[in-house]
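J.: Starting off with a structure, shown below.
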Amino acid sequence: MTREECISRFQAEYLRSRTGATVSMLAKLKDAKYREEYGLFLAEGVKLTEEALACHGQSAETEMLFVSENALQNERILACLEDAGRCGIPIKLASSEVFEKAATEKAPQGIIAVLKRNGAADLSFRTEGRYLLLDTIQDPGNLGTILRSAVAFGADGLIGWDCADPTGPKTVRASMGAVFRCPVTMTKDPAGIIRKLQGEGHRVLAAALAENSLCAGKTELLPNDCIIIGNEGHGVSEEILAMCDGVIRIPMQAVTESLNASVAASVLMWEYYRTFGL
């Protein structure tokens with residue numbers, strides 16, 4: 001497909017300048033401050049764009065597609081344009097030089113979905129829901145992997161504090177599109193969240209090593225338990241640990257002190273999925 005055909009077929013707007021308002025705004029979305037200011041974030045590449053469009057109008061809202069004219073021969077990208085057209089999503093077209101200003105990947109694939117960030121959640125939890133709490137998970141790759149596992153194993157949502165930005169480029173890539181499907185709430189009042197969950201009938205357990213801890217795989221679980229995964233370096237903070245109803249540990253060889261945060265989260269979510277299903 002040529003540039004002219006794309007403009008005609010999809011009413012695409014051609015962006016000619018690297019300093020134009022739209023391109024400059026998209027380039028700023030690499031920074032968390034501007035993602036918050038504009039209420040937008042980027043999902044780069046064909047796979048993530050496909051996932052974003054699959055969730056459009058359900059758990060994600062795609063604001064626009066930004067496409068390099070050099071990618072118009074890619075059949076999957078053309079399929080994305082068709083999907084966007086059916087959904088009424090605006091398409092912005094640019095030369096590869098202009099496109100690369102907004103891209104964060106070293107080898108951009110020629111398409112970026114621009115999505116709306118979720119607004120503040122109302123924090124009304126389902127009594128039967130299963131939520132994963134994240135205490136200062138700072139590595140974007142870990143957060144993205146946790147999101148991916150949360151979708152795979154049926155978590156009803158993630159609640160975090162002092163964590164990496166779930167809409168940052170590294171997190172979005174690591175999540176493989178799960179960020180579009182799993183509700184994420186970031187709070188500045190973790191104590192209030194824990195008390196609210198407990199008041200609504202949830203048992204809150206910290207994943208940690210401690211005396212009298214529950215052993216995953218060998219103890220009775222409750223279907224609406226909420227598990228807290230702690231920081232990669234120091235685990236669950238003492239203040240948060242003191243508020244929990246108990247501690248749960250993953251049995252392992254004594255020569256291993258602990259698991260990576262995303263691995264621990266995945267193992268525990270699998271245990272609940274194995275026991276209770278979705």
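Just remember, in the structure tokens the first chain shown is A, the second B, etc., residues are 1-based per chain, and ligands are 1-based in the order shown.
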May I have the residues within 9 Å of segment 236-244 of chain A as JSON, numbers by chain, using only C-alpha atoms and disregarding those fewer than 6 positions away in the same chain?
T.: {"A": [134, 135, 136, 190, 191, 194, 195, 203, 204, 205, 206, 207, 208, 228, 229, 230]}
J.: Grab the residues selected above and save them as a short mmCIF file (atom, residue, chain, number, x, y, z; two decimals), in the first residue's frame with N, CA, C and O atoms.
T.:
data_model
loop_
_atom_site.label_atom_id
_atom_site.label_comp_id
_atom_site.auth_asym_id
_atom_site.auth_seq_id
_atom_site.Cartn_x
_atom_site.Cartn_y
_atom_site.Cartn_z
N LEU A 134 1.54 -5.47 45.47
CA LEU A 134 2.96 -5.34 45.14
C LEU A 134 3.58 -4.22 45.96
O LEU A 134 3.20 -3.05 45.83
N ASP A 135 4.52 -4.59 46.81
CA ASP A 135 5.19 -3.63 47.70
C ASP A 135 6.53 -3.23 47.09
O ASP A 135 7.53 -3.93 47.21
N THR A 136 6.54 -2.09 46.38
CA THR A 136 7.78 -1.50 45.87
C THR A 136 8.50 -2.40 44.87
O THR A 136 9.71 -2.61 44.96
N PRO A 190 -1.08 2.27 51.13
CA PRO A 190 -1.17 0.80 51.20
C PRO A 190 -1.85 0.31 52.47
O PRO A 190 -2.59 -0.68 52.44
N ALA A 191 -1.62 0.99 53.58
CA ALA A 191 -2.25 0.56 54.83
C ALA A 191 -3.77 0.64 54.71
O ALA A 191 -4.49 -0.26 55.15
N ILE A 194 -5.02 -2.28 52.55
CA ILE A 194 -5.01 -3.56 53.27
C ILE A 194 -6.17 -3.63 54.24
O ILE A 194 -6.89 -4.65 54.32
N ARG A 195 -6.41 -2.56 54.99
CA ARG A 195 -7.54 -2.54 55.93
C ARG A 195 -8.87 -2.70 55.19
O ARG A 195 -9.77 -3.41 55.66
N ARG A 203 -8.43 -12.37 53.31
CA ARG A 203 -7.25 -12.63 54.13
C ARG A 203 -6.04 -12.12 53.35
O ARG A 203 -5.86 -12.45 52.17
N VAL A 204 -5.22 -11.31 53.99
CA VAL A 204 -4.05 -10.73 53.33
C VAL A 204 -2.79 -11.44 53.86
O VAL A 204 -2.51 -11.40 55.06
N LEU A 205 -2.06 -12.09 52.96
CA LEU A 205 -0.87 -12.85 53.31
C LEU A 205 0.36 -12.26 52.63
O LEU A 205 0.30 -11.91 51.44
N ALA A 206 1.44 -12.16 53.35
CA ALA A 206 2.70 -11.68 52.77
C ALA A 206 3.54 -12.87 52.34
O ALA A 206 3.67 -13.85 53.08
N ALA A 207 4.11 -12.80 51.16
CA ALA A 207 5.06 -13.82 50.71
C ALA A 207 6.40 -13.51 51.35
O ALA A 207 7.06 -12.52 51.00
N ALA A 208 6.79 -14.32 52.31
CA ALA A 208 8.02 -14.05 53.06
C ALA A 208 8.44 -15.30 53.83
O ALA A 208 7.70 -16.28 53.92
N ILE A 228 0.79 -10.48 49.12
CA ILE A 228 1.69 -9.34 48.92
C ILE A 228 3.06 -9.86 48.52
O ILE A 228 3.65 -10.69 49.21
N ILE A 229 3.56 -9.35 47.39
CA ILE A 229 4.92 -9.65 46.92
C ILE A 229 5.79 -8.43 47.22
O ILE A 229 5.43 -7.30 46.87
N GLY A 230 6.92 -8.67 47.86
CA GLY A 230 7.76 -7.55 48.30
C GLY A 230 8.82 -7.14 47.30
O GLY A 230 9.03 -7.77 46.26
#
J.: Hey, what's within 8 Å of Gly45 of chain A if we count only C-alpha atoms and toss same-chain stuff fewer than 2 positions away? As number ranges by chain, please?
T.: A: 43, 47-49, 108-112
J.: Excluding Glu69 of chain A and any residue of its chain fewer than 6 positions from it, enumerate the residues within 10 Å of it, using only C-alpha atoms, and give them as a PyMOL selection string.
T.: chain A and resi 1-4+6+14+92-96+99+110-111
J.: Quick one: residues within 12 Å of Asp31 of chain A, only C-alpha atoms counted, chain neighbours fewer than 3 positions away excluded, as a ChimeraX atom specification?
T.: /A:25-28,34-42,102,104,165,167-170
J.: Create the file for the chosen residues now, containing N, CA and C atoms and written as a PDB file, in the first residue's frame.
T.:
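Generated file (part11.pdb):
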ATOM      1  N   MET A  25       4.612  15.430  21.144  1.00  0.00           N
ATOM      2  CA  MET A  25       3.870  14.867  22.277  1.00  0.00           C
ATOM      3  C   MET A  25       4.147  13.379  22.424  1.00  0.00           C
ATOM      4  N   LEU A  26       4.152  12.641  21.315  1.00  0.00           N
ATOM      5  CA  LEU A  26       4.412  11.213  21.374  1.00  0.00           C
ATOM      6  C   LEU A  26       5.814  10.936  21.900  1.00  0.00           C
ATOM      7  N   ALA A  27       6.781  11.743  21.488  1.00  0.00           N
ATOM      8  CA  ALA A  27       8.152  11.558  21.955  1.00  0.00           C
ATOM      9  C   ALA A  27       8.250  11.787  23.464  1.00  0.00           C
ATOM     10  N   LYS A  28       7.460  12.700  23.987  1.00  0.00           N
ATOM     11  CA  LYS A  28       7.481  12.978  25.427  1.00  0.00           C
ATOM     12  C   LYS A  28       6.940  11.817  26.252  1.00  0.00           C
ATOM     13  N   TYR A  34       5.207  12.860  31.600  1.00  0.00           N
ATOM     14  CA  TYR A  34       4.317  13.241  30.507  1.00  0.00           C
ATOM     15  C   TYR A  34       3.240  12.193  30.260  1.00  0.00           C
ATOM     16  N   ARG A  35       3.513  10.929  30.563  1.00  0.00           N
ATOM     17  CA  ARG A  35       2.444   9.929  30.472  1.00  0.00           C
ATOM     18  C   ARG A  35       1.320  10.289  31.429  1.00  0.00           C
ATOM     19  N   GLU A  36       1.689  10.759  32.602  1.00  0.00           N
ATOM     20  CA  GLU A  36       0.676  11.161  33.576  1.00  0.00           C
ATOM     21  C   GLU A  36      -0.011  12.450  33.128  1.00  0.00           C
ATOM     22  N   GLU A  37       0.758  13.399  32.618  1.00  0.00           N
ATOM     23  CA  GLU A  37       0.190  14.682  32.206  1.00  0.00           C
ATOM     24  C   GLU A  37      -0.807  14.520  31.061  1.00  0.00           C
ATOM     25  N   TYR A  38      -0.426  13.729  30.047  1.00  0.00           N
ATOM     26  CA  TYR A  38      -1.289  13.562  28.877  1.00  0.00           C
ATOM     27  C   TYR A  38      -2.309  12.432  29.050  1.00  0.00           C
ATOM     28  N   GLY A  39      -2.108  11.583  30.045  1.00  0.00           N
ATOM     29  CA  GLY A  39      -3.018  10.462  30.239  1.00  0.00           C
ATOM     30  C   GLY A  39      -2.931   9.431  29.142  1.00  0.00           C
ATOM     31  N   LEU A  40      -1.728   9.277  28.574  1.00  0.00           N
ATOM     32  CA  LEU A  40      -1.510   8.371  27.449  1.00  0.00           C
ATOM     33  C   LEU A  40      -0.245   7.554  27.665  1.00  0.00           C
ATOM     34  N   PHE A  41      -0.150   6.415  26.970  1.00  0.00           N
ATOM     35  CA  PHE A  41       1.090   5.661  26.948  1.00  0.00           C
ATOM     36  C   PHE A  41       1.209   4.931  25.617  1.00  0.00           C
ATOM     37  N   LEU A  42       2.393   4.391  25.352  1.00  0.00           N
ATOM     38  CA  LEU A  42       2.698   3.781  24.060  1.00  0.00           C
ATOM     39  C   LEU A  42       2.808   2.269  24.166  1.00  0.00           C
ATOM     40  N   ALA A 102       9.500   9.178  17.911  1.00  0.00           N
ATOM     41  CA  ALA A 102       8.608   8.733  18.985  1.00  0.00           C
ATOM     42  C   ALA A 102       8.946   7.341  19.479  1.00  0.00           C
ATOM     43  N   THR A 104      10.790   4.090  21.019  1.00  0.00           N
ATOM     44  CA  THR A 104      11.794   3.860  22.065  1.00  0.00           C
ATOM     45  C   THR A 104      12.650   2.636  21.757  1.00  0.00           C
ATOM     46  N   ASP A 165       6.380   2.141  36.815  1.00  0.00           N
ATOM     47  CA  ASP A 165       5.174   2.570  36.107  1.00  0.00           C
ATOM     48  C   ASP A 165       4.656   1.425  35.234  1.00  0.00           C
ATOM     49  N   THR A 167       2.731   1.545  32.867  1.00  0.00           N
ATOM     50  CA  THR A 167       2.581   1.966  31.478  1.00  0.00           C
ATOM     51  C   THR A 167       3.915   2.392  30.854  1.00  0.00           C
ATOM     52  N   GLY A 168       5.025   2.166  31.544  1.00  0.00           N
ATOM     53  CA  GLY A 168       6.337   2.457  30.976  1.00  0.00           C
ATOM     54  C   GLY A 168       6.668   1.486  29.853  1.00  0.00           C
ATOM     55  N   PRO A 169       7.492   1.895  28.891  1.00  0.00           N
ATOM     56  CA  PRO A 169       7.790   1.040  27.728  1.00  0.00           C
ATOM     57  C   PRO A 169       8.314  -0.341  28.088  1.00  0.00           C
ATOM     58  N   LYS A 170       9.226  -0.442  29.051  1.00  0.00           N
ATOM     59  CA  LYS A 170       9.783  -1.747  29.413  1.00  0.00           C
ATOM     60  C   LYS A 170       8.740  -2.648  30.055  1.00  0.00           C
TER      61      LYS A 170
END
J.: Identify which of the residues A:His234, A:Arg173, A:Arg86, A:Arg249 lies closest to Leu209 of chain A, counting only C-alpha atoms when measuring atom-to-atom distances.
T.: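 Answer, going by the shortest atom-to-atom distance: A:Arg249.
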J.: What is the atom CA of Thr171 of chain A-atom CA of Ile89 of chain A distance in Å, reported with one decimal?
T.: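 Those two atoms sit 24.0 Å apart.
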J.: Write out as number ranges by chain all residues of segment 20-136 of chain A that backbone DSSP assigns to helix (DSSP H, G or I).
T.: A: 21-28, 32-38, 46-54, 69-71, 75-87, 96-102
J.: When distances are computed from only C-alpha atoms, which of A:Ile250, A:Val151, A:Ala60, A:Leu259 shows the smallest separation from Glu232 of chain A?
T.: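 Under the stated criterion, the closest residue is A:Leu259.
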J.: Would you write out, as JSON lines, a table of all residues in segment 231-272 of chain A that have an atom no more than 12 Å from an atom of segment 123-131 of chain A, listing for each the closest atom pair and the distance in Å to one decimal, considering only C-alpha atoms and ordering rows by chain and rising residue number?
T.:
{"residue": "A:Ala265", "atom": "CA", "partner": "A:Tyr131", "partner_atom": "CA", "distance": 11.4}
{"residue": "A:Leu268", "atom": "CA", "partner": "A:Tyr131", "partner_atom": "CA", "distance": 11.8}
{"residue": "A:Met269", "atom": "CA", "partner": "A:Arg130", "partner_atom": "CA", "distance": 9.5}
{"residue": "A:Tyr272", "atom": "CA", "partner": "A:Arg130", "partner_atom": "CA", "distance": 9.1}
J.: How would the residues just picked look written out with N, CA, C and O atoms as an mmCIF file, in the first residue's frame?
T.:
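As a result, result.cif now contains:
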data_model
loop_
_atom_site.group_PDB
_atom_site.id
_atom_site.type_symbol
_atom_site.label_atom_id
_atom_site.label_comp_id
_atom_site.auth_asym_id
_atom_site.auth_seq_id
_atom_site.Cartn_x
_atom_site.Cartn_y
_atom_site.Cartn_z
ATOM 1 N N ALA A 265 5.773 -14.492 42.530
ATOM 2 C CA ALA A 265 4.381 -14.121 42.267
ATOM 3 C C ALA A 265 3.713 -15.147 41.362
ATOM 4 O O ALA A 265 2.567 -15.557 41.602
ATOM 5 N N LEU A 268 2.956 -18.510 43.245
ATOM 6 C CA LEU A 268 1.822 -18.417 44.164
ATOM 7 C C LEU A 268 0.502 -18.255 43.413
ATOM 8 O O LEU A 268 -0.511 -18.861 43.794
ATOM 9 N N MET A 269 0.508 -17.475 42.343
ATOM 10 C CA MET A 269 -0.725 -17.349 41.562
ATOM 11 C C MET A 269 -1.104 -18.682 40.917
ATOM 12 O O MET A 269 -2.281 -19.021 40.811
ATOM 13 N N TYR A 272 -2.874 -20.883 43.476
ATOM 14 C CA TYR A 272 -4.290 -20.535 43.633
ATOM 15 C C TYR A 272 -5.103 -20.959 42.414
ATOM 16 O O TYR A 272 -6.236 -21.439 42.534
#
J.: With a distance cut-off of 10 Å and only C-alpha atoms, select the neighbouring residues of Ser262 of chain A, excluding the residue or stretch itself and same-chain residues fewer than 3 positions from it, and output the selection as a compact mmCIF listing (two decimals) with N, CA and C atoms, in the first residue's frame.
T.:
# COMPACT_ATOMS: atom_id res chain seq x y z
N ILE A 137 7.77 -2.95 43.92
CA ILE A 137 8.39 -3.69 42.80
C ILE A 137 8.92 -2.65 41.82
N ASP A 139 11.54 -3.03 39.37
CA ASP A 139 12.07 -3.42 38.07
C ASP A 139 10.92 -3.54 37.06
N GLY A 141 10.76 -4.94 34.19
CA GLY A 141 10.64 -6.28 33.65
C GLY A 141 9.91 -7.21 34.60
N ASN A 142 10.20 -7.10 35.90
CA ASN A 142 9.48 -7.90 36.89
C ASN A 142 8.00 -7.56 36.90
N LEU A 143 7.69 -6.26 36.87
CA LEU A 143 6.29 -5.85 36.91
C LEU A 143 5.55 -6.35 35.67
N GLY A 144 6.17 -6.25 34.51
CA GLY A 144 5.54 -6.74 33.29
C GLY A 144 5.30 -8.23 33.32
N THR A 145 6.28 -8.98 33.84
CA THR A 145 6.13 -10.43 33.95
C THR A 145 5.03 -10.80 34.93
N ILE A 146 4.94 -10.07 36.04
CA ILE A 146 3.87 -10.32 37.01
C ILE A 146 2.51 -10.07 36.37
N LEU A 147 2.40 -9.00 35.59
CA LEU A 147 1.14 -8.73 34.89
C LEU A 147 0.76 -9.88 33.97
N ARG A 148 1.74 -10.39 33.26
CA ARG A 148 1.50 -11.49 32.32
C ARG A 148 0.99 -12.73 33.07
N SER A 149 1.62 -13.03 34.20
CA SER A 149 1.19 -14.18 35.00
C SER A 149 -0.17 -13.94 35.64
N ILE A 229 3.56 -9.35 47.39
CA ILE A 229 4.92 -9.65 46.92
C ILE A 229 5.79 -8.43 47.22
N GLY A 230 6.92 -8.67 47.86
CA GLY A 230 7.76 -7.55 48.30
C GLY A 230 8.82 -7.14 47.30
N GLU A 232 12.28 -6.35 45.34
CA GLU A 232 13.29 -7.28 44.87
C GLU A 232 14.46 -7.44 45.84
N LEU A 259 13.40 -16.43 45.77
CA LEU A 259 13.15 -16.40 44.34
C LEU A 259 13.04 -14.97 43.85
N ALA A 265 5.77 -14.49 42.53
CA ALA A 265 4.38 -14.12 42.27
C ALA A 265 3.71 -15.15 41.36
N SER A 266 4.43 -15.59 40.34
CA SER A 266 3.87 -16.56 39.40
C SER A 266 3.59 -17.90 40.07
N VAL A 267 4.53 -18.36 40.90
CA VAL A 267 4.35 -19.64 41.59
C VAL A 267 3.11 -19.59 42.49
J.: Rank A:Arg181, A:Arg9, A:Lys188, A:Lys101 by their smallest atom-to-atom distance to Asp162 of chain A, using only C-alpha atoms, and report the top residue only.
T.: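 Checking each of A:Arg181, A:Arg9, A:Lys188, A:Lys101 against Asp162 of chain A, counting only C-alpha atoms, the winner is A:Lys188.
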J.: In terms of the shortest atom-to-atom distance over only C-alpha atoms, which of A:Ile248, A:Leu158, A:Leu65, A:Cys226 is closest to Pro90 of chain A?
T.: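 Ranked by minimum distance to Pro90 of chain A, first place goes to A:Leu65.
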J.: If you run DSSP on the backbone, which residues of segment 12-236 of chain A are strand (DSSP E), as a PyMOL selection string?
T.: chain A and resi 13-15+40-44+62-68+91-94+111-116+131-135+157-161+184-186+204-207+214-215+226-229
J.: Show me, as a ChimeraX atom specification, the residues that have an atom within 12 Å of Glu220 of chain A when counting only C-alpha atoms, minus same-chain residues fewer than 2 positions from it.
T.: /A:214-218,222-223,225,248,271-272,275-276
J.: Could you take the residues named above and write them with all heavy atoms, as a compact mmCIF listing (two decimals), in the first residue's frame?
T.:
# COMPACT_ATOMS: atom_id res chain seq x y z
N LEU A 214 2.70 -20.16 56.55
CA LEU A 214 1.99 -21.16 55.78
C LEU A 214 2.89 -21.62 54.64
O LEU A 214 3.64 -20.84 54.08
CB LEU A 214 0.69 -20.57 55.22
CG LEU A 214 -0.28 -19.96 56.23
CD1 LEU A 214 -1.44 -19.30 55.50
CD2 LEU A 214 -0.79 -21.02 57.19
N CYS A 215 2.79 -22.88 54.29
CA CYS A 215 3.63 -23.43 53.23
C CYS A 215 2.76 -23.66 51.99
O CYS A 215 1.82 -24.45 52.04
CB CYS A 215 4.29 -24.73 53.69
SG CYS A 215 5.38 -25.45 52.44
N ALA A 216 3.07 -22.97 50.91
CA ALA A 216 2.31 -23.14 49.68
C ALA A 216 2.36 -24.59 49.24
O ALA A 216 3.41 -25.22 49.23
CB ALA A 216 2.87 -22.24 48.59
N GLY A 217 1.20 -25.13 48.88
CA GLY A 217 1.12 -26.52 48.47
C GLY A 217 0.83 -27.49 49.60
O GLY A 217 0.51 -28.65 49.35
N LYS A 218 0.94 -27.01 50.85
CA LYS A 218 0.74 -27.90 52.00
C LYS A 218 -0.21 -27.31 53.03
O LYS A 218 -0.31 -27.81 54.14
CB LYS A 218 2.07 -28.21 52.68
CG LYS A 218 3.06 -28.95 51.79
CD LYS A 218 4.35 -29.24 52.53
CE LYS A 218 5.34 -29.99 51.65
NZ LYS A 218 6.61 -30.28 52.37
N LEU A 222 -7.61 -19.95 50.94
CA LEU A 222 -8.95 -19.42 50.76
C LEU A 222 -9.03 -18.79 49.36
O LEU A 222 -8.08 -18.14 48.92
CB LEU A 222 -9.26 -18.36 51.82
CG LEU A 222 -9.15 -18.84 53.28
CD1 LEU A 222 -9.46 -17.70 54.24
CD2 LEU A 222 -10.07 -20.02 53.53
N PRO A 223 -10.12 -18.98 48.66
CA PRO A 223 -10.17 -18.56 47.26
C PRO A 223 -10.00 -17.06 47.03
O PRO A 223 -9.60 -16.64 45.95
CB PRO A 223 -11.55 -19.04 46.78
CG PRO A 223 -12.35 -19.25 48.02
CD PRO A 223 -11.36 -19.67 49.07
N ASP A 225 -8.01 -15.07 48.95
CA ASP A 225 -6.78 -14.57 49.59
C ASP A 225 -6.12 -13.50 48.71
O ASP A 225 -6.14 -13.58 47.48
CB ASP A 225 -5.78 -15.70 49.80
CG ASP A 225 -6.09 -16.56 51.01
OD1 ASP A 225 -6.90 -16.14 51.85
OD2 ASP A 225 -5.51 -17.67 51.10
N ILE A 248 3.02 -16.46 53.93
CA ILE A 248 3.06 -17.68 53.14
C ILE A 248 4.43 -17.79 52.47
O ILE A 248 4.99 -16.80 52.02
CB ILE A 248 1.92 -17.71 52.08
CG1 ILE A 248 1.85 -19.07 51.40
CG2 ILE A 248 2.04 -16.58 51.08
CD1 ILE A 248 0.57 -19.29 50.59
N GLU A 271 -0.49 -21.59 42.22
CA GLU A 271 -1.03 -22.44 43.28
C GLU A 271 -2.51 -22.15 43.52
O GLU A 271 -3.31 -23.07 43.71
CB GLU A 271 -0.22 -22.23 44.57
CG GLU A 271 -0.62 -23.12 45.73
CD GLU A 271 -0.42 -24.61 45.45
OE1 GLU A 271 0.36 -24.96 44.54
OE2 GLU A 271 -1.07 -25.42 46.14
N TYR A 272 -2.87 -20.88 43.48
CA TYR A 272 -4.29 -20.53 43.63
C TYR A 272 -5.10 -20.96 42.41
O TYR A 272 -6.24 -21.44 42.53
CB TYR A 272 -4.44 -19.03 43.90
CG TYR A 272 -4.20 -18.69 45.35
CD1 TYR A 272 -2.91 -18.44 45.81
CD2 TYR A 272 -5.24 -18.65 46.26
CE1 TYR A 272 -2.67 -18.14 47.14
CE2 TYR A 272 -5.02 -18.35 47.59
CZ TYR A 272 -3.74 -18.10 48.03
OH TYR A 272 -3.51 -17.83 49.35
N THR A 275 -5.66 -24.63 42.55
CA THR A 275 -6.60 -25.03 43.60
C THR A 275 -8.05 -24.61 43.28
O THR A 275 -8.98 -25.39 43.50
CB THR A 275 -6.19 -24.39 44.94
OG1 THR A 275 -4.82 -24.75 45.22
CG2 THR A 275 -7.08 -24.87 46.08
N PHE A 276 -8.20 -23.40 42.78
CA PHE A 276 -9.56 -22.86 42.62
C PHE A 276 -9.95 -22.57 41.17
O PHE A 276 -11.13 -22.34 40.91
CB PHE A 276 -9.70 -21.56 43.44
CG PHE A 276 -9.40 -21.74 44.90
CD1 PHE A 276 -8.24 -21.22 45.45
CD2 PHE A 276 -10.27 -22.43 45.71
CE1 PHE A 276 -7.95 -21.38 46.80
CE2 PHE A 276 -9.99 -22.62 47.07
CZ PHE A 276 -8.84 -22.08 47.61
